[in-house]
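Asks: Please find coords07.txt (compact mmCIF, C-alpha atoms) on the next line:
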# COMPACT_ATOMS: atom_id res chain seq x y z
CA MET W 1 -2.60 9.78 -23.28
CA ARG W 2 -4.16 8.65 -26.56
CA ARG W 3 -6.59 5.92 -25.59
CA PRO W 4 -7.42 6.35 -21.92
CA ARG W 5 -9.10 3.48 -20.13
CA LEU W 6 -9.88 2.75 -16.49
CA VAL W 7 -7.36 0.50 -14.74
CA ASP W 8 -8.23 -3.14 -14.08
CA GLY W 9 -10.84 -3.46 -11.42
CA ALA W 10 -12.02 0.16 -11.34
CA ARG W 11 -15.78 0.42 -11.51
CA LEU W 12 -18.05 3.41 -12.00
CA GLN W 13 -21.16 3.47 -9.91
CA TYR W 14 -23.86 5.87 -8.87
CA ASP W 15 -24.10 5.98 -5.07
CA ASP W 16 -27.83 6.46 -4.63
CA VAL W 17 -27.45 6.76 -0.84
CA ARG W 18 -25.22 9.85 -1.07
CA GLY W 19 -26.56 10.97 -4.45
CA GLU W 20 -23.20 11.13 -6.23
CA HIS W 21 -21.08 9.29 -8.77
CA VAL W 22 -18.12 7.30 -7.48
CA LEU W 23 -15.25 5.43 -9.02
CA LEU W 24 -14.82 2.28 -6.97
CA ILE W 25 -11.26 0.99 -6.78
CA PRO W 26 -9.50 -1.57 -4.58
CA GLU W 27 -10.35 -0.51 -1.03
CA GLY W 28 -11.29 3.01 -2.00
CA ALA W 29 -13.89 5.24 -3.61
CA VAL W 30 -13.22 8.43 -5.56
CA ARG W 31 -16.12 10.87 -5.48
CA LEU W 32 -16.89 12.31 -8.89
CA ASN W 33 -18.87 15.26 -10.13
CA GLU W 34 -21.26 14.82 -13.04
CA THR W 35 -18.73 15.88 -15.69
CA ALA W 36 -15.98 13.61 -14.42
CA ALA W 37 -18.38 10.68 -14.34
CA GLN W 38 -19.37 11.32 -17.96
CA VAL W 39 -15.76 11.48 -19.11
CA LEU W 40 -14.70 8.36 -17.24
CA GLU W 41 -17.66 6.45 -18.60
CA LEU W 42 -16.17 6.98 -22.04
CA CYS W 43 -12.64 5.95 -21.01
CA ASP W 44 -12.90 2.47 -22.49
CA GLY W 45 -9.98 2.50 -24.88
CA ARG W 46 -11.41 4.85 -27.51
CA THR W 47 -9.29 7.85 -28.46
CA LEU W 48 -9.27 11.14 -26.63
CA ASP W 49 -10.65 12.79 -29.78
CA GLU W 50 -13.57 10.40 -29.86
CA ILE W 51 -14.33 11.09 -26.20
CA THR W 52 -14.21 14.82 -26.83
CA ALA W 53 -16.47 14.49 -29.87
CA VAL W 54 -19.13 12.55 -27.95
CA LEU W 55 -19.19 15.07 -25.12
CA SER W 56 -19.08 18.04 -27.42
CA ALA W 57 -22.12 16.71 -29.26
CA ARG W 58 -23.88 16.10 -25.95
CA TYR W 59 -23.25 19.71 -24.94
CA GLU W 60 -24.25 21.21 -28.28
CA GLY W 61 -20.85 21.95 -29.68
CA MET W 62 -19.31 23.41 -26.55
CA SER W 63 -15.54 23.05 -26.46
CA VAL W 64 -14.72 20.41 -23.86
CA GLN W 65 -11.26 19.38 -25.00
CA SER W 66 -9.18 21.08 -22.32
CA ASP W 67 -11.48 19.90 -19.54
CA VAL W 68 -11.31 16.33 -20.78
CA CYS W 69 -7.53 16.37 -21.11
CA GLU W 70 -7.10 17.90 -17.67
CA LEU W 71 -9.32 15.31 -16.03
CA VAL W 72 -7.77 12.37 -17.85
CA ASP W 73 -4.27 13.55 -16.93
CA ALA W 74 -5.23 14.02 -13.28
CA MET W 75 -6.73 10.53 -13.15
CA GLY W 76 -3.63 9.20 -14.89
CA GLU W 77 -1.39 10.73 -12.24
CA ARG W 78 -3.37 8.91 -9.60
CA GLY W 79 -3.00 5.64 -11.50
CA LEU W 80 -6.75 5.34 -12.12
CA VAL W 81 -6.64 5.76 -15.89
CA ILE W 82 -4.01 4.24 -18.17
CA ASP W 83 -3.25 4.48 -21.86
CA ALA W 84 -4.66 1.51 -23.76
CA ALA W 85 -2.46 2.47 -26.72
CA THR W 86 0.80 1.60 -24.98
CA MET F 1 -25.24 16.22 14.03
CA PRO F 2 -26.16 12.96 12.29
CA PRO F 3 -23.41 10.32 12.39
CA PRO F 4 -21.32 9.90 9.26
CA ARG F 5 -22.20 7.13 6.84
CA PRO F 6 -19.88 4.11 6.83
CA TYR F 7 -17.90 3.23 3.71
CA THR F 8 -16.62 -0.23 4.60
CA LEU F 9 -18.08 -3.49 5.81
CA VAL F 10 -15.49 -5.93 7.13
CA ALA F 11 -17.12 -9.35 6.95
CA GLU F 12 -15.14 -11.83 9.02
CA LEU F 13 -16.66 -14.94 7.47
CA SER F 14 -14.88 -17.48 9.66
CA TYR F 15 -12.15 -17.55 12.29
CA ARG F 16 -10.96 -20.92 10.96
CA CYS F 17 -7.65 -20.59 9.10
CA PRO F 18 -4.93 -22.90 7.78
CA LEU F 19 -2.30 -20.30 8.75
CA ARG F 20 -1.18 -19.64 12.31
CA CYS F 21 0.35 -16.15 12.06
CA PRO F 22 1.55 -14.93 15.44
CA TYR F 23 0.22 -11.38 14.84
CA CYS F 24 -3.27 -12.35 13.70
CA SER F 25 -5.73 -9.54 14.43
CA ASN F 26 -8.46 -11.99 15.44
CA PRO F 27 -9.32 -12.19 19.13
CA LEU F 28 -7.29 -14.48 21.37
CA ASP F 29 -10.41 -16.47 22.20
CA ILE F 30 -11.30 -17.42 18.62
CA GLY F 31 -11.82 -20.94 19.90
CA ALA F 32 -14.51 -19.83 22.36
CA ASP F 33 -17.99 -21.32 22.16
CA ARG F 34 -19.56 -18.01 21.16
CA TYR F 35 -17.69 -18.00 17.85
CA ARG F 36 -18.58 -21.57 16.93
CA ALA F 37 -21.94 -20.84 15.30
CA GLU F 38 -21.09 -18.98 12.08
CA LEU F 39 -23.73 -16.85 10.41
CA GLU F 40 -25.86 -18.47 7.74
CA GLY F 41 -25.45 -17.27 4.15
CA GLU F 42 -28.88 -15.66 4.24
CA HIS F 43 -27.84 -13.49 7.20
CA TRP F 44 -24.79 -12.26 5.34
CA MET F 45 -26.83 -11.51 2.25
CA ARG F 46 -29.29 -9.44 4.25
CA VAL F 47 -26.43 -7.64 5.97
CA PHE F 48 -24.83 -6.76 2.60
CA HIS F 49 -28.02 -5.08 1.42
CA GLU F 50 -28.51 -3.29 4.75
CA ALA F 51 -24.91 -2.11 4.59
CA ARG F 52 -25.37 -0.61 1.11
CA ALA F 53 -28.54 1.17 2.28
CA LEU F 54 -26.48 2.64 5.13
CA GLY F 55 -23.87 3.94 2.65
CA VAL F 56 -21.27 1.17 2.54
CA LEU F 57 -19.40 0.83 -0.76
CA GLN F 58 -16.55 -1.50 0.10
CA LEU F 59 -16.94 -5.08 1.25
CA ALA F 60 -13.92 -6.89 2.70
CA LEU F 61 -14.45 -10.63 2.81
CA THR F 62 -11.99 -11.77 5.39
CA GLY F 63 -11.54 -14.08 8.38
CA GLY F 64 -9.66 -16.20 9.44
CA GLU F 65 -9.67 -17.62 5.96
CA PRO F 66 -12.78 -16.57 4.04
CA MET F 67 -12.21 -19.29 1.45
CA LEU F 68 -13.15 -21.89 4.03
CA ARG F 69 -16.77 -20.77 3.61
CA ARG F 70 -18.35 -23.27 1.22
CA ASP F 71 -20.90 -20.70 0.04
CA LEU F 72 -18.30 -18.03 -0.74
CA ASP F 73 -19.34 -17.80 -4.41
CA ASP F 74 -22.92 -17.06 -3.35
CA LEU F 75 -21.76 -14.45 -0.84
CA VAL F 76 -19.62 -12.74 -3.48
CA ALA F 77 -22.57 -12.69 -5.87
CA ALA F 78 -24.78 -11.24 -3.13
CA GLY F 79 -22.22 -8.52 -2.46
CA ARG F 80 -22.18 -7.56 -6.13
CA ASP F 81 -25.96 -7.68 -6.27
CA ALA F 82 -26.11 -5.28 -3.31
CA GLY F 83 -23.84 -2.82 -5.16
CA LEU F 84 -20.71 -3.37 -3.08
CA TYR F 85 -17.13 -3.46 -4.33
CA SER F 86 -15.70 -6.68 -2.96
CA THR F 87 -12.21 -7.61 -1.84
CA LEU F 88 -11.23 -11.14 -0.91
CA VAL F 89 -8.61 -10.92 1.85
CA THR F 90 -7.01 -14.34 1.77
CA GLY F 91 -4.01 -16.36 2.87
CA ALA F 92 -4.38 -17.79 -0.64
CA THR F 93 -3.55 -21.42 0.14
CA LEU F 94 -6.98 -22.41 -1.21
CA PHE F 95 -7.06 -19.96 -4.14
CA THR F 96 -6.83 -22.47 -6.97
CA ARG F 97 -7.53 -21.56 -10.60
CA GLU F 98 -10.83 -23.38 -10.49
CA ARG F 99 -12.06 -21.52 -7.42
CA ALA F 100 -10.68 -18.22 -8.69
CA GLU F 101 -12.61 -18.60 -11.94
CA ARG F 102 -15.83 -19.21 -10.02
CA LEU F 103 -15.21 -16.14 -7.86
CA LYS F 104 -14.57 -14.05 -10.96
CA GLU F 105 -17.80 -15.31 -12.43
CA ALA F 106 -19.64 -14.45 -9.22
CA GLY F 107 -18.45 -10.84 -9.49
CA LEU F 108 -15.50 -10.59 -7.10
CA ASP F 109 -13.71 -7.28 -7.76
CA HIS F 110 -10.31 -7.50 -6.09
CA VAL F 111 -7.99 -10.00 -4.45
CA GLN F 112 -5.64 -9.33 -1.55
CA VAL F 113 -3.05 -12.03 -0.92
CA SER F 114 -1.02 -12.09 2.28
CA ILE F 115 2.58 -13.10 2.36
CA GLN F 116 4.45 -13.45 5.61
CA SER F 117 7.89 -12.99 4.06
CA PRO F 118 9.35 -12.90 0.52
CA ASP F 119 11.64 -15.76 1.55
CA PRO F 120 9.88 -19.13 1.16
CA GLU F 121 11.24 -20.75 4.29
CA GLU F 122 10.78 -17.70 6.44
CA ASN F 123 7.25 -17.25 5.12
CA ASP F 124 6.38 -20.79 6.09
CA ARG F 125 7.95 -20.43 9.52
CA ILE F 126 6.04 -17.23 10.32
CA ALA F 127 2.77 -18.55 8.88
CA GLY F 128 3.26 -21.82 10.75
CA ASN F 129 2.24 -23.58 7.56
CA ARG F 130 3.91 -24.57 4.28
CA SER F 131 2.20 -22.00 2.13
CA PHE F 132 4.61 -19.78 0.19
CA GLU F 133 4.48 -21.60 -3.15
CA LYS F 134 0.69 -21.71 -3.06
CA LYS F 135 0.52 -17.98 -2.36
CA ILE F 136 2.74 -17.14 -5.29
CA ALA F 137 0.76 -19.41 -7.61
CA ALA F 138 -2.46 -17.79 -6.35
CA ALA F 139 -1.17 -14.29 -7.00
CA ARG F 140 -0.29 -15.24 -10.58
CA VAL F 141 -3.70 -16.83 -11.16
CA ALA F 142 -5.38 -13.68 -9.84
CA ARG F 143 -3.54 -11.54 -12.38
CA GLN F 144 -4.11 -14.00 -15.22
CA LEU F 145 -7.84 -13.71 -14.57
CA GLY F 146 -7.62 -9.91 -14.61
CA PHE F 147 -8.21 -9.29 -10.90
CA PRO F 148 -6.50 -6.23 -9.49
CA LEU F 149 -4.09 -7.60 -6.90
CA THR F 150 -2.92 -6.33 -3.54
CA ILE F 151 -0.05 -8.02 -1.74
CA ASN F 152 -0.17 -7.55 1.97
CA CYS F 153 2.71 -8.20 4.32
CA VAL F 154 2.63 -7.52 8.04
CA LEU F 155 6.05 -6.22 9.06
CA HIS F 156 7.98 -6.88 12.24
CA ARG F 157 11.53 -7.36 13.46
CA GLN F 158 11.85 -10.78 11.83
CA ASN F 159 11.03 -9.73 8.25
CA LEU F 160 11.62 -5.96 8.08
CA ASP F 161 15.13 -6.40 6.70
CA ARG F 162 13.64 -7.98 3.59
CA ILE F 163 11.67 -4.97 2.48
CA GLU F 164 13.58 -4.63 -0.81
CA GLU F 165 12.73 -8.25 -1.61
CA ILE F 166 9.06 -7.63 -0.82
CA LEU F 167 9.00 -4.65 -3.17
CA ARG F 168 10.70 -6.66 -5.93
CA LEU F 169 8.30 -9.56 -5.51
CA THR F 170 5.31 -7.23 -5.66
CA GLU F 171 6.53 -5.79 -8.94
CA GLU F 172 7.33 -9.22 -10.33
CA LEU F 173 3.82 -10.46 -9.48
CA ASP F 174 2.32 -7.43 -11.28
CA ALA F 175 0.38 -6.36 -8.19
CA GLN F 176 -1.27 -2.94 -8.19
CA ARG F 177 -1.06 -2.37 -4.46
CA LEU F 178 1.22 -3.33 -1.61
CA GLU F 179 0.14 -2.97 1.98
CA LEU F 180 3.09 -2.86 4.33
CA ALA F 181 1.50 -2.82 7.73
CA ASN F 182 3.92 -2.60 10.60
CA THR F 183 2.55 -4.78 13.38
CA GLN F 184 0.13 -3.05 15.70
CA TYR F 185 -0.37 -4.70 19.04
CA TYR F 186 -3.86 -6.14 18.93
CA GLY F 187 -5.05 -9.71 18.95
CA TRP F 188 -2.23 -12.25 18.84
CA ALA F 189 0.44 -9.60 18.35
CA VAL F 190 -0.02 -8.63 22.00
CA VAL F 191 1.14 -12.08 23.09
CA ASN F 192 4.04 -11.93 20.65
CA GLN F 193 5.17 -8.36 21.15
CA GLN F 194 8.65 -9.43 22.30
CA ALA F 195 9.19 -11.44 19.12
CA LEU F 196 7.80 -8.76 16.81
CA SER F 197 8.83 -5.29 17.94
CA PRO F 198 11.30 -3.80 15.46
CA THR F 199 14.30 -1.56 15.90
CA ARG F 200 14.19 2.11 14.99
CA GLU F 201 16.90 1.47 12.37
CA GLN F 202 14.82 -1.22 10.67
CA LEU F 203 11.86 1.14 10.42
CA GLU F 204 13.98 3.95 9.05
CA SER F 205 15.65 1.88 6.36
CA GLY F 206 12.27 0.31 5.50
CA GLU F 207 10.71 3.70 5.05
CA ALA F 208 13.61 4.85 2.89
CA ALA F 209 13.28 1.77 0.66
CA VAL F 210 9.57 2.47 0.19
CA LYS F 211 10.31 6.07 -0.72
CA ARG F 212 12.86 5.05 -3.38
CA PHE F 213 10.43 2.50 -4.79
CA ARG F 214 7.61 5.04 -5.03
CA GLU F 215 9.86 7.47 -6.87
CA ARG F 216 10.95 4.83 -9.36
CA VAL F 217 7.59 3.12 -9.99
CA GLY F 218 5.14 6.03 -9.74
CA PRO F 219 1.37 5.51 -9.60
CA ARG F 220 1.54 2.07 -11.27
CA ILE F 221 1.92 0.44 -7.86
CA THR F 222 0.46 2.00 -4.73
CA VAL F 223 2.48 1.25 -1.61
CA LEU F 224 0.86 1.77 1.76
CA TRP F 225 3.36 2.12 4.56
CA VAL F 226 1.94 2.39 8.04
CA LEU F 227 4.42 3.43 10.72
CA PRO F 228 3.77 1.58 13.97
CA ASP F 229 2.04 3.64 16.61
CA TYR F 230 4.76 3.01 19.15
CA HIS F 231 7.23 5.02 17.13
CA GLU F 232 5.03 8.06 16.80
CA ASP F 233 4.11 10.71 19.32
CA LEU F 234 0.69 11.72 18.05
CA PRO F 235 -2.05 9.12 17.68
CA LYS F 236 -3.61 7.95 14.43
CA PRO F 237 -7.33 8.35 13.79
CA CYS F 238 -7.86 4.68 14.62
CA MET F 239 -10.46 3.25 12.16
CA GLY F 240 -10.98 6.83 10.96
CA GLY F 241 -12.61 7.48 14.34
CA TRP F 242 -14.82 5.21 16.42
CA ALA F 243 -17.83 4.07 14.37
CA ARG F 244 -17.32 6.65 11.62
CA THR F 245 -16.21 4.67 8.55
CA THR F 246 -16.40 0.95 9.21
CA VAL F 247 -18.60 -1.84 10.49
CA VAL F 248 -16.99 -5.16 11.40
CA ILE F 249 -19.12 -8.29 11.60
CA ALA F 250 -17.54 -11.25 13.42
CA PRO F 251 -18.24 -14.79 12.15
CA ASN F 252 -21.00 -15.24 14.74
CA GLY F 253 -22.78 -12.04 13.70
CA ASP F 254 -21.53 -9.73 16.44
CA ALA F 255 -21.23 -6.19 15.06
CA LEU F 256 -18.20 -4.14 16.17
CA PRO F 257 -16.71 -0.75 15.28
CA CYS F 258 -13.28 -2.40 14.84
CA GLN F 259 -11.68 -5.84 14.90
CA ALA F 260 -10.15 -5.32 18.33
CA ALA F 261 -13.19 -3.80 20.05
CA ALA F 262 -14.11 -7.07 21.74
CA THR F 263 -11.17 -6.51 24.09
CA ILE F 264 -13.14 -3.71 25.77
CA PRO F 265 -14.88 -5.76 28.44
CA ASP F 266 -17.92 -3.68 29.30
CA LEU F 267 -19.09 -3.15 25.73
CA GLU F 268 -22.02 -5.29 24.67
CA PHE F 269 -22.03 -6.04 20.97
CA PRO F 270 -25.30 -6.24 19.08
CA ASN F 271 -25.77 -9.21 16.77
CA VAL F 272 -27.01 -8.94 13.20
CA ARG F 273 -29.24 -11.96 13.82
CA ASP F 274 -31.27 -9.82 16.23
CA ARG F 275 -30.98 -6.29 14.91
CA PRO F 276 -30.90 -4.50 11.55
CA LEU F 277 -27.63 -2.81 10.71
CA ASP F 278 -29.26 0.61 10.60
CA TRP F 279 -30.24 0.30 14.27
CA ILE F 280 -26.81 -1.04 15.15
CA TRP F 281 -25.02 1.89 13.52
CA HIS F 282 -27.29 4.59 14.95
CA GLU F 283 -28.48 3.25 18.29
CA ALA F 284 -26.25 0.50 19.68
CA ASP F 285 -24.21 1.58 22.70
CA ALA F 286 -21.12 -0.21 21.35
CA PHE F 287 -21.21 2.14 18.35
CA THR F 288 -22.29 5.40 19.96
CA ARG F 289 -20.16 5.22 23.13
CA PHE F 290 -16.94 6.67 21.69
CA ARG F 291 -18.31 8.28 18.55
CA GLY F 292 -17.58 11.98 18.12
CA THR F 293 -15.84 13.96 20.86
CA GLU F 294 -18.35 14.17 23.76
CA TRP F 295 -16.88 11.19 25.61
CA MET F 296 -13.36 12.60 25.70
CA GLN F 297 -11.41 13.28 28.87
CA GLU F 298 -8.39 15.46 29.42
CA PRO F 299 -5.95 16.00 27.79
CA CYS F 300 -8.06 15.29 24.67
CA ARG F 301 -10.88 17.57 25.77
CA SER F 302 -8.64 20.64 25.66
CA CYS F 303 -6.16 19.30 23.11
CA PRO F 304 -3.46 21.96 22.62
CA LEU F 305 -3.24 21.02 18.94
CA GLY F 306 -7.00 21.02 18.39
CA ARG F 307 -6.81 17.51 16.96
CA GLN F 308 -10.04 16.14 18.47
CA GLU F 309 -11.68 15.73 15.08
CA GLU F 310 -8.43 14.76 13.38
CA ASP F 311 -7.30 11.78 15.44
CA TRP F 312 -10.54 11.26 17.41
CA GLY F 313 -8.49 10.51 20.53
CA GLY F 314 -6.59 7.63 18.89
CA CYS F 315 -7.28 4.01 19.68
CA ARG F 316 -9.72 3.03 22.45
CA CYS F 317 -8.42 -0.52 22.68
CA GLN F 318 -4.84 0.66 23.06
CA ALA F 319 -5.90 3.21 25.67
CA LEU F 320 -7.59 0.47 27.65
CA ARG F 321 -4.75 -2.00 27.32
CA LEU F 322 -2.07 0.46 28.44
CA THR F 323 -3.96 2.60 30.97
CA GLY F 324 -6.86 0.42 32.07
CA ASP F 325 -9.35 3.06 30.90
CA ALA F 326 -10.92 2.93 27.44
CA ARG F 327 -11.81 6.64 27.70
CA ALA F 328 -8.26 7.74 28.29
CA THR F 329 -6.18 9.54 25.67
CA ASP F 330 -4.29 7.04 23.52
CA PRO F 331 -0.86 6.87 25.24
CA VAL F 332 0.81 7.21 21.86
CA CYS F 333 0.02 10.89 22.29
CA ARG F 334 2.88 12.89 23.78
CA PHE F 335 0.35 14.80 25.90
CA SER F 336 -0.90 11.61 27.53
CA PRO F 337 0.27 11.17 31.14
CA HIS F 338 0.95 7.54 30.16
CA HIS F 339 3.12 8.30 27.13
CA ASP F 340 6.18 6.84 28.91
CA LEU F 341 4.59 3.38 28.55
CA VAL F 342 4.81 3.75 24.78
CA VAL F 343 8.32 5.14 24.86
CA SER F 344 9.60 2.23 26.93
CA ALA F 345 7.86 -0.28 24.62
CA ARG F 346 10.00 0.98 21.72
CA GLU F 347 12.80 -1.27 22.90
CA PRO F 348 13.12 -4.16 20.47
CA GLY F 349 12.00 -7.50 21.85
CA LYS F 350 14.28 -10.12 23.33
CA THR F 351 13.05 -13.38 21.86
CA ASP F 352 12.43 -14.67 18.33
CA GLU F 353 10.10 -17.41 19.45
CA PHE F 354 6.44 -17.15 18.45
CA VAL F 355 3.28 -18.19 20.19
CA TYR F 356 1.29 -19.29 17.17
CA ARG F 357 -2.37 -18.49 16.61
CA THR F 358 -4.55 -21.41 17.57
CA MET F 359 -8.24 -22.03 18.10
CA ARG F 360 -7.33 -23.91 21.23
CA ARG F 361 -7.00 -21.76 24.34
CA PRO F 362 -3.62 -20.01 24.45
CA ARG F 363 -1.13 -21.70 26.74
CA ARG F 364 -0.39 -18.46 28.49
CA PRO F 365 -2.85 -15.62 28.77
CA ALA F 366 -2.23 -12.27 27.12
CA ARG F 367 -0.51 -9.71 29.27
CA VAL F 368 -2.94 -6.89 29.83
Mind turning this structure into structure tokens?
Replies:
Amino acid sequence: MRRPRLVDGARLQYDDVRGEHVLLIPEGAVRLNETAAQVLELCDGRTLDEITAVLSARYEGMSVQSDVCELVDAMGERGLVIDAAT
Amino acid sequence: MPPPRPYTLVAELSYRCPLRCPYCSNPLDIGADRYRAELEGEHWMRVFHEARALGVLQLALTGGEPMLRRDLDDLVAAGRDAGLYSTLVTGATLFTRERAERLKEAGLDHVQVSIQSPDPEENDRIAGNRSFEKKIAAARVARQLGFPLTINCVLHRQNLDRIEEILRLTEELDAQRLELANTQYYGWAVVNQQALSPTREQLESGEAAVKRFRERVGPRITVLWVLPDYHEDLPKPCMGGWARTTVVIAPNGDALPCQAAATIPDLEFPNVRDRPLDWIWHEADAFTRFRGTEWMQEPCRSCPLGRQEEDWGGCRCQALRLTGDARATDPVCRFSPHHDLVVSAREPGKTDEFVYRTMRRPRRPARV
């Protein structure tokens, strides 16, 4: 996936009642940990490299590439993230 | 143990509806005086905020036909303002481009359009209203405006053979989800059971068609396929368990743990005009009575499969309707002493004639 973006109608939100991030989708909610929420927030059509660069800078140069790819692929398999490049 | 937090608020905005589907999940007495006074917009808006504070994330705006509410745009905006993800569950005969644009503007997240059949004439016959063309136009408008779209089709003997056509239509309309709900016998479906109950062969070929479709299409389109209870031998966790995931508010403000709960005669339902939702969820007898496992009788109490917290005893309304006791094990369960009632009801029905949903009193009362 080159330019991952959330599918139509998916919305990120912080659930302040349960104290966790969620991805709201038609008639469902996917609970997210902090990292996943940060990655998905950047899935707006920019390239995977750009997403990785932003996060890497945020975490002081730590290598995040494999984590990002893994998460994006997993979300893609569930139909929650699609490739804006295709 | 504190009760779980609900995820979904089902807001039945009105029982009025242009369609007359013979399996409508609304109560048989929708025409009764107690449903005449619909909640004011301000009540709904308060309820949306109370629901979010309780943990609700999903708001289903349904009915009857929710688009008959003149203040629907304001209600949608209030739902968004409260932090809820909103779905409009509509028959779609009123979903014009102009209204759809206003709903989009107001912050509606998702549209669910019902079809009664993929065949225009059959759709109109089942819906009791000339509506197919409007539904298709509505589905296209929804996609043009960028709404995620769910197509929902209630399945029964008279449309199950068209499952391939339903799947094709869903793909052609660019829907993201398809809900194929085999008729469960609540509300008007109880009166029409003879005209609705499918054959085993229909269910099997339907399921196979869904499987092939899923393999071909992948995650692009989610297909929900719900096997009817009567053809299973272990119960489903009805509503995810009594008062565990969902709050239903009827048009008059009555709060229920599920759409069919009003059929349980000795339950008294609190009204959101009188009580905050937090009290209703935690304190009201109608919500606490069958929550958890304490209320269970045998064979649930000593379930040989240890499924008490998996299926939560199945459906209370079905238990009542088939055994006369709302505390009984759901007779779908093979360990229920009443399971034979479910087995014998698997026989396909003997008439194709429908008793249509009406807000007038039904001509013949529901068999109990």
Asks: Tell me the residues of chain F close to chain W, meaning within 10 Å using all atoms listed in the file, as a PyMOL selection string.
Replies: chain F and resi 5+7-8+52-60+83-87+108-112+143+146-150+176-177+218-222
Asks: Between atom CA of Asp254 of chain F and atom CA of Glu65 of chain F, what distance in Å does the model show, to one decimal?
Replies: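 Interatomic distance, atom CA of Asp254 of chain F to atom CA of Glu65 of chain F: 17.7 Å.
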Asks: Mind giving me the straight-line distance from atom CA of Trp242 of chain F to atom CA of Trp295 of chain F in Å, one decimal?
Replies: 11.2 Å
Asks: Figure out the distance between atom CA of Arg36 of chain F and atom CA of Tyr15 of chain F, please, to one decimal in Å.
Replies: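 It comes out at 8.9 Å.
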Asks: Which polymer residues have any atom within 12 Å of an atom of Glu122 of chain F, counting only C-alpha atoms, with same-chain residues fewer than 4 positions away left out, as a ChimeraX atom specification?
Replies: /F:21,115-118,126-132,158-160,162
Asks: So, counting all atoms listed in the file, which residue among F:Glu310, F:Asp285, F:Glu347, F:Asp266 is closest to Pro237 of chain F?
Replies: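 The closest residue to Pro237 of chain F is F:Glu310.
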Asks: Counting only C-alpha atoms, which of W:Leu23, W:Ile51, W:Leu12, W:Val68 gets nearest to Thr35 of chain W?
Replies: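 Closest candidate: W:Val68.
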Asks: With all atoms listed in the file as the basis for distance, which of F:Arg46, F:Arg316, F:Arg20, F:Arg291 is at the shortest distance from Asp330 of chain F?
Replies: F:Arg316
Asks: Skip Cys315 of chain F itself and residues of its chain fewer than 3 positions away, then list as JSON, numbers by chain all residues within 8 Å of it, counting all atoms listed in the file.
Replies: {"F": [235, 236, 237, 238, 318, 319, 330]}
Asks: Kindly indicate which residue among F:Glu105, F:Glu133, F:Glu121, F:Asp161 lies nearest to Thr199 of chain F, using all atoms listed in the file for the distances.
Replies: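 Selected residue with least distance to Thr199 of chain F: F:Asp161.
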Asks: Could you list, as a PDB file with C-alpha atoms, in the frame of the given file, every residue within 12 Å of Arg58 of chain W, counting all atoms listed in the file and ignoring same-chain residues fewer than 5 positions away?
Replies:
ATOM      1  CA  THR W  35     -18.730  15.880 -15.690  1.00  0.00           C
ATOM      2  CA  GLN W  38     -19.370  11.320 -17.960  1.00  0.00           C
ATOM      3  CA  VAL W  39     -15.760  11.480 -19.110  1.00  0.00           C
ATOM      4  CA  ILE W  51     -14.330  11.090 -26.200  1.00  0.00           C
ATOM      5  CA  THR W  52     -14.210  14.820 -26.830  1.00  0.00           C
ATOM      6  CA  ALA W  53     -16.470  14.490 -29.870  1.00  0.00           C
ATOM      7  CA  SER W  63     -15.540  23.050 -26.460  1.00  0.00           C
ATOM      8  CA  VAL W  64     -14.720  20.410 -23.860  1.00  0.00           C
TER       9      VAL W  64
END
Asks: Any idea what's packed within 10 Å of Leu103 of chain F, counting all atoms listed in the file, ignoring anything in its chain fewer than 4 positions away? Could you give it as a PyMOL selection string?
Replies: chain F and resi 72-77+88+95+97-99+107-109
Asks: Given 6 Å of margin on each side, can you work out the centre and size in Å (one decimal) of an axis-aligned box holding every listed atom of segment 242-252 of chain F, as lines of an AutoDock Vina configuration file?
Replies:
center_x = -17.9
center_y = -4.3
center_z = 12.5
size_x = 18.2
size_y = 33.9
size_z = 19.9
Asks: Every residue with an atom at most 10 Å from (5.1, 1.4, 19.3) (file coordinates; all atoms listed in the file) is what I'm after, so could you write them as number ranges by chain?
Replies: F: 182-185, 193, 197-198, 227-233, 332, 341-348
Asks: Would you mind exporting C-alpha atoms of the selected residues as a short mmCIF file (atom, residue, chain, number, x, y, z; two decimals), keeping the file's coordinate frame?
Replies:
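After the write, selection.cif holds the following:
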data_model
loop_
_atom_site.label_atom_id
_atom_site.label_comp_id
_atom_site.auth_asym_id
_atom_site.auth_seq_id
_atom_site.Cartn_x
_atom_site.Cartn_y
_atom_site.Cartn_z
CA ASN F 182 3.92 -2.60 10.60
CA THR F 183 2.55 -4.78 13.38
CA GLN F 184 0.13 -3.05 15.70
CA TYR F 185 -0.37 -4.70 19.04
CA GLN F 193 5.17 -8.36 21.15
CA SER F 197 8.83 -5.29 17.94
CA PRO F 198 11.30 -3.80 15.46
CA LEU F 227 4.42 3.43 10.72
CA PRO F 228 3.77 1.58 13.97
CA ASP F 229 2.04 3.64 16.61
CA TYR F 230 4.76 3.01 19.15
CA HIS F 231 7.23 5.02 17.13
CA GLU F 232 5.03 8.06 16.80
CA ASP F 233 4.11 10.71 19.32
CA VAL F 332 0.81 7.21 21.86
CA LEU F 341 4.59 3.38 28.55
CA VAL F 342 4.81 3.75 24.78
CA VAL F 343 8.32 5.14 24.86
CA SER F 344 9.60 2.23 26.93
CA ALA F 345 7.86 -0.28 24.62
CA ARG F 346 10.00 0.98 21.72
CA GLU F 347 12.80 -1.27 22.90
CA PRO F 348 13.12 -4.16 20.47
#
Asks: Given the choices F:Val191, F:Ala82, F:Leu13, F:Ala92, which gets closest to Arg70 of chain F if the distance is worked out from only C-alpha atoms?
Replies: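 The shortest atom-to-atom distance to Arg70 of chain F comes from F:Leu13.
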